[in-house]
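**Student:** Here you go, one structure.
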Amino acid sequence: MKRLRKILLVDDDRITNLMHTRLIDRTGLAEEVEIETDGQAALEHLEHAQANGGVLPDLILLDINMPRMDGFEFLEAYAALPAQMTEGRKILMLSTSTLDDDRRRAEADPNVTGFMAKPLSTERLLSFLRAPGSAGQAG
């Protein structure tokens, strides 16, 4: 599997971010992992990278429930970004929610490549990334 240049974790939970960063580091999956704690900060991160010639993430791990701007609000704003900022990016929505409505809503969004329950495991993340078109829907 090709190593990703950058993964952006978007989650307000410090422990979850630590666990997911360690998982990514152990697998050698990405050269760089960056963290933002809400959707608004993640949008600003993307816009800053684009404006300054920075590296845009290959994969965004997006939590649903966050302060200021939640995952679904992020997706609405993300859909309005220029194509050069979104093309080729994968978004894996993560949640502790067991609500089928959240899963259906995430899976209905054309920018969401997959939906998984938190916390991630190495096996589930690698399986998602190996899936054709990375459209795996592991739960």
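The chains in the structure tokens are called A, B, ... from first to last as shown; in each chain the residues are counted from 1, and the ligands are counted from 1 in the order shown.
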Do you know which residues are at most 12 Å from Ala49 of chain A counting only C-alpha atoms, after dropping those on the same chain fewer than 6 positions away, and could you put them as number ranges by chain?
**Tutor:** A: 6, 8, 34, 42-43, 55-57, 84-85
**Student:** Can I get the selected residues back with N, CA and C atoms, as a PDB file, in the first residue's frame?
**Tutor:**
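The resulting file, again_37.pdb, is reproduced below:
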```
ATOM      1  N   LYS A   6      -0.159  12.807   3.948  1.00  0.00           N
ATOM      2  CA  LYS A   6      -0.672  13.486   5.143  1.00  0.00           C
ATOM      3  C   LYS A   6      -2.069  12.993   5.481  1.00  0.00           C
ATOM      4  N   LEU A   8      -5.229  14.128   8.142  1.00  0.00           N
ATOM      5  CA  LEU A   8      -5.743  15.150   9.041  1.00  0.00           C
ATOM      6  C   LEU A   8      -6.788  14.508   9.952  1.00  0.00           C
ATOM      7  N   GLU A  34      -1.665  15.505  11.169  1.00  0.00           N
ATOM      8  CA  GLU A  34      -1.986  16.770  11.816  1.00  0.00           C
ATOM      9  C   GLU A  34      -3.356  16.654  12.450  1.00  0.00           C
ATOM     10  N   ALA A  42     -10.498  22.770  10.937  1.00  0.00           N
ATOM     11  CA  ALA A  42     -10.090  21.905   9.830  1.00  0.00           C
ATOM     12  C   ALA A  42     -10.231  22.634   8.491  1.00  0.00           C
ATOM     13  N   LEU A  43     -11.326  23.361   8.298  1.00  0.00           N
ATOM     14  CA  LEU A  43     -11.495  24.153   7.065  1.00  0.00           C
ATOM     15  C   LEU A  43     -10.394  25.195   6.938  1.00  0.00           C
ATOM     16  N   VAL A  55       0.897  21.012   1.963  1.00  0.00           N
ATOM     17  CA  VAL A  55       0.392  19.688   1.603  1.00  0.00           C
ATOM     18  C   VAL A  55      -1.030  19.538   2.114  1.00  0.00           C
ATOM     19  N   LEU A  56      -1.946  19.253   1.209  1.00  0.00           N
ATOM     20  CA  LEU A  56      -3.316  18.939   1.601  1.00  0.00           C
ATOM     21  C   LEU A  56      -3.377  17.470   2.001  1.00  0.00           C
ATOM     22  N   PRO A  57      -4.229  17.117   2.939  1.00  0.00           N
ATOM     23  CA  PRO A  57      -4.280  15.721   3.390  1.00  0.00           C
ATOM     24  C   PRO A  57      -4.844  14.785   2.320  1.00  0.00           C
ATOM     25  N   GLN A  84      -9.945  21.787  -6.650  1.00  0.00           N
ATOM     26  CA  GLN A  84      -8.537  21.464  -6.442  1.00  0.00           C
ATOM     27  C   GLN A  84      -8.215  21.202  -4.971  1.00  0.00           C
ATOM     28  N   MET A  85      -9.096  21.620  -4.071  1.00  0.00           N
ATOM     29  CA  MET A  85      -8.890  21.360  -2.644  1.00  0.00           C
ATOM     30  C   MET A  85      -9.527  20.044  -2.207  1.00  0.00           C
TER      31      MET A  85
END
```
**Student:** Using DSSP on the backbone coordinates, identify the residues of chain A assigned to alpha helix (DSSP H); present them as a PyMOL selection string.
**Tutor:** chain A and resi 14-27+39-51+71-79+83-86+100-108+122-130
**Student:** Mind checking which residues fall within 8 Å of Ile64 of chain A, counting only C-alpha atoms, ignoring those fewer than 2 positions away in the same chain, and posting them as an MDAnalysis selection string?
**Tutor:** chainID A and resid 62 66 70:72 93:95
**Student:** Can you tell me, as a PyMOL selection string, which residues in segment 56-125 of chain A count as strand (DSSP E) by DSSP?
**Tutor:** chain A and resi 59-63+90-95+114-117
**Student:** What separation in Å, quoted to one decimal, exists between atom CA of Arg26 of chain A and atom CA of Ile91 of chain A?
**Tutor:**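 Atom CA of Arg26 of chain A sits 20.8 Å away from atom CA of Ile91 of chain A.
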**Student:** Find the residue from A:Thr113, A:Gln50, A:Thr37, A:Ser97 that sits nearest to Arg68 of chain A; use only C-alpha atoms when measuring.
**Tutor:**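 Checking each candidate against Arg68 of chain A, we get A:Thr37 as the closest.
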**Student:** May I have the residues within 12 Å of segment 122-133 of chain A as a ChimeraX atom specification, using only C-alpha atoms and disregarding those fewer than 5 positions away in the same chain?
**Tutor:** /A:1-4,19-30,58-59,61,88-94,112-117,138-139
**Student:** Find the residue from A:Ile35, A:Leu75, A:Met69, A:Ala41 that sits nearest to Ala108 of chain A; use only C-alpha atoms when measuring.
**Tutor:**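 Among the listed residues, A:Leu75 lies closest to Ala108 of chain A.
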**Student:** What's the separation between atom CA of Glu87 of chain A and atom CA of Thr16 of chain A, in Å to one decimal place?
**Tutor:**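 So the answer is 27.0 Å.
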**Student:** For Asp38 of chain A, which of A:Asn65, A:Thr98, A:Asn17, A:Ser121 is the closest residue, counting only C-alpha atoms?
**Tutor:**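 For Asp38 of chain A, the nearest of the given residues is A:Asn65.
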**Student:** So how far away is atom CA of Ala80 of chain A from atom CA of Arg105 of chain A, in Å?
**Tutor:**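 Atom CA of Arg105 of chain A sits 17.8 Å away from atom CA of Ala80 of chain A.
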